[in-house]
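Below: the structure, in structure tokens.
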Amino acid sequence: CSMHMTPDNISHVYESMRKFRPSSIDGMPSSIHMVAKYMLQNNIKADWDVEAVFPTAEILLPHILRDIEAAFGAVVVDQYASSEGAPFIYGSPEAGYHIANETGVFEFVRAGDGVYDMIVTSFLNHATPIVRYKIGDQVEIDSDRAYLNSHRDDVRITKILGREMDYLIASDGHKVMNVVV
């Protein structure tokens with residue numbers, strides 16, 4: 001769902017998905033949500049088996065989760081990764097999140113009450129190694145420790161906070177995202 005979507009072309013996006021019949025969908029929650037809202041508003045259910053939806057790169061809000069589940073009739077597995085190539089975190093707000101330790105190391109430094117800044121080391125990005133990079137994203141962890149390491153400590157993430165991000169909505173309805181370079 002990463003193509004340029006506007007309210008005027010969302011029906012074409014849905015039809016393309018319907019032709020392709022993906023068994024899983026991976027993309028930004030806001031983009032997947034546009035398709036889901038179109039489907040719900042037009043009383044359309046996916047006529048193919050979507051086994052799972054993997055939203056990433058944005059915070060998965062509860063109403064967006066509900067709409068995606070209703071439209072696609074699929075399990076929604078929230079995931080954290082980054083354009084920089086950070087390791088993965090996956091799960092759900094209800095069940096909590098798991099760290100995919102095989103993809104890298106997360107270090108968590110307490111920034112506030114239950115809020116932690118993430119420092120990442122990735123095992124995935126061989127072209128541009130990421131080692132102990134303070135990525136700018138935060139998570140909530142039920143802990144009061146000053147420092148946690150995903151390979152050494154029992155880390156239970158309760159919420160992915162991400163980073164604050166601004167965007168503009170153009171007059172034709174598409175989002176222009178803030179990209180930090």
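In the structure tokens, each chain is lettered A, B, ... as it comes, each chain's residues begin at 1, and ligands are numbered from 1 in order of appearance.
The neighbours of Leu148 (chain A) here are the residues that come within 9 Å of it, using only C-alpha atoms and leaving out any residue fewer than 6 positions away in the same chain; they are Phe106, Glu107, Phe108, Val109, Arg110, Asp154 and Val155 of chain A.
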With all heavy atoms retained, write the just-selected residues as a compact mmCIF listing (two decimals), in the first residue's frame.
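Resulting contents of selection.txt:
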```
# COMPACT_ATOMS: atom_id res chain seq x y z
N PHE A 106 18.50 -4.08 21.00
CA PHE A 106 17.91 -2.82 21.45
C PHE A 106 18.45 -2.52 22.83
O PHE A 106 18.45 -3.38 23.71
CB PHE A 106 16.39 -2.93 21.57
CG PHE A 106 15.66 -2.88 20.26
CD1 PHE A 106 15.31 -4.06 19.61
CD2 PHE A 106 15.31 -1.67 19.69
CE1 PHE A 106 14.62 -4.03 18.41
CE2 PHE A 106 14.63 -1.64 18.48
CZ PHE A 106 14.28 -2.82 17.84
N GLU A 107 18.90 -1.29 23.01
CA GLU A 107 19.23 -0.79 24.34
C GLU A 107 18.18 0.28 24.65
O GLU A 107 17.78 1.04 23.77
CB GLU A 107 20.63 -0.18 24.37
CG GLU A 107 21.72 -1.21 24.09
CD GLU A 107 23.07 -0.56 23.94
OE1 GLU A 107 23.71 -0.31 24.99
OE2 GLU A 107 23.47 -0.28 22.80
N PHE A 108 17.72 0.29 25.88
CA PHE A 108 16.68 1.22 26.30
C PHE A 108 17.21 2.06 27.44
O PHE A 108 17.64 1.52 28.47
CB PHE A 108 15.44 0.45 26.73
CG PHE A 108 14.89 -0.46 25.66
CD1 PHE A 108 15.20 -1.80 25.64
CD2 PHE A 108 14.07 0.04 24.65
CE1 PHE A 108 14.70 -2.65 24.67
CE2 PHE A 108 13.57 -0.79 23.67
CZ PHE A 108 13.88 -2.14 23.67
N VAL A 109 17.16 3.38 27.27
CA VAL A 109 17.62 4.31 28.29
C VAL A 109 16.41 5.11 28.76
O VAL A 109 15.70 5.71 27.94
CB VAL A 109 18.71 5.27 27.72
CG1 VAL A 109 19.13 6.28 28.79
CG2 VAL A 109 19.91 4.48 27.22
N ARG A 110 16.20 5.07 30.07
CA ARG A 110 15.01 5.70 30.65
C ARG A 110 15.00 7.20 30.35
O ARG A 110 15.97 7.91 30.62
CB ARG A 110 14.98 5.45 32.15
CG ARG A 110 13.67 5.85 32.77
CD ARG A 110 13.53 5.26 34.15
NE ARG A 110 12.21 5.56 34.64
CZ ARG A 110 11.97 6.01 35.84
NH1 ARG A 110 12.96 6.16 36.70
NH2 ARG A 110 10.74 6.26 36.22
N ASP A 154 14.90 -9.07 30.62
CA ASP A 154 13.53 -9.44 30.24
C ASP A 154 12.76 -8.14 29.99
O ASP A 154 12.26 -7.52 30.92
CB ASP A 154 12.88 -10.27 31.34
CG ASP A 154 11.50 -10.75 30.96
OD1 ASP A 154 11.20 -10.83 29.76
OD2 ASP A 154 10.72 -11.06 31.89
N VAL A 155 12.72 -7.72 28.74
CA VAL A 155 12.11 -6.45 28.37
C VAL A 155 10.69 -6.71 27.88
O VAL A 155 10.49 -7.47 26.94
CB VAL A 155 12.93 -5.73 27.28
CG1 VAL A 155 12.27 -4.44 26.86
CG2 VAL A 155 14.36 -5.49 27.76
```
| Long-range neighbours of Ile141 (chain A) as a ChimeraX atom specification, 6 Å cut-off, only C-alpha atoms, 2 positions minimum in chain | /A:114,143,156-158
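Using only C-alpha atoms, the smallest distance between any of A:Pro62, A:Gly96, A:Pro22, A:Gly27 and Asp47 (chain A) comes from A:Pro22.
Between Arg152 (chain A) and the residues A:Ile25, A:Tyr116, A:Lys19, A:Val105, the shortest atom-to-atom distance, using only C-alpha atoms, involves A:Val105.
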| Contacts of Phe123 (chain A) at 10 Å or less, counting only C-alpha atoms, minus same-chain residues fewer than 6 places along, as a list in words? | Gly85, Ala86, Pro87, Asn101, Glu102, Thr103, Gly104, Val105, Pro129, Ile130 and Val131 of chain A
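Near Asp137 (chain A), within a cut-off of 9 Å and counting only C-alpha atoms, sit the residues Tyr116, Asp117, Met118, Ile119, Lys134, Ile160, Leu161, Gly162, Arg163 and Glu164 of chain A, with same-chain residues fewer than 3 positions away left out.
Each of A:Trp48, A:Tyr38, A:Phe54, A:Phe72 was compared to Phe20 (chain A) using only C-alpha atoms, and A:Trp48 turns out to be the nearest.
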| alpha helix (DSSP H) residues, from DSSP on the backbone, in region 1-106 of chain A, as a PyMOL selection string | chain A and resi 10-20+29-41+62-72
| task | Report the residues of chain A whose backbone DSSP state falls under strand (DSSP E), written as a PyMOL selection string. | result | chain A and resi 24-27+52-55+75-76+78-80+89-92+96-99+104-112+115-122+133-141+147-149+157-162+167-169+175-177
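Taking only C-alpha atoms into account, Ile68 (chain A) lies nearest to A:Asp26 out of the set A:Glu84, A:Asp26, A:Asp153, A:Glu94.
Taking only C-alpha atoms into account, Ser23 (chain A) lies nearest to A:Val53 out of the set A:Ala111, A:Ala36, A:Ala81, A:Val53.
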Could you pull the residues within 10 Å of Ala70 (chain A), counting only C-alpha atoms, minus those fewer than 6 positions along the same chain, as an mmCIF file with N, CA, C and O atoms, in the first residue's frame?
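Produced file result-v8.cif, reproduced below:
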```
data_model
loop_
_atom_site.group_PDB
_atom_site.id
_atom_site.type_symbol
_atom_site.label_atom_id
_atom_site.label_comp_id
_atom_site.auth_asym_id
_atom_site.auth_seq_id
_atom_site.Cartn_x
_atom_site.Cartn_y
_atom_site.Cartn_z
ATOM 1 N N ALA A 36 -8.926 0.352 3.934
ATOM 2 C CA ALA A 36 -9.915 -0.260 4.839
ATOM 3 C C ALA A 36 -11.170 0.613 4.960
ATOM 4 O O ALA A 36 -12.294 0.105 4.912
ATOM 5 N N LYS A 37 -10.990 1.923 5.115
ATOM 6 C CA LYS A 37 -12.151 2.823 5.213
ATOM 7 C C LYS A 37 -12.977 2.800 3.937
ATOM 8 O O LYS A 37 -14.206 2.781 3.978
ATOM 9 N N MET A 39 -13.246 0.296 1.893
ATOM 10 C CA MET A 39 -13.955 -0.981 1.893
ATOM 11 C C MET A 39 -15.159 -0.936 2.833
ATOM 12 O O MET A 39 -16.257 -1.358 2.469
ATOM 13 N N LEU A 40 -14.966 -0.425 4.043
ATOM 14 C CA LEU A 40 -16.055 -0.379 5.022
ATOM 15 C C LEU A 40 -17.170 0.562 4.574
ATOM 16 O O LEU A 40 -18.354 0.245 4.722
ATOM 17 N N LYS A 45 -16.023 -6.547 1.527
ATOM 18 C CA LYS A 45 -15.130 -7.435 2.292
ATOM 19 C C LYS A 45 -14.134 -8.026 1.308
ATOM 20 O O LYS A 45 -14.482 -8.305 0.164
ATOM 21 N N ALA A 46 -12.905 -8.216 1.750
ATOM 22 C CA ALA A 46 -11.901 -8.832 0.877
ATOM 23 C C ALA A 46 -12.412 -10.204 0.446
ATOM 24 O O ALA A 46 -12.803 -11.013 1.288
ATOM 25 N N ILE A 64 -7.776 2.651 13.968
ATOM 26 C CA ILE A 64 -7.212 2.168 12.704
ATOM 27 C C ILE A 64 -7.083 0.647 12.750
ATOM 28 O O ILE A 64 -7.434 -0.043 11.791
#
```
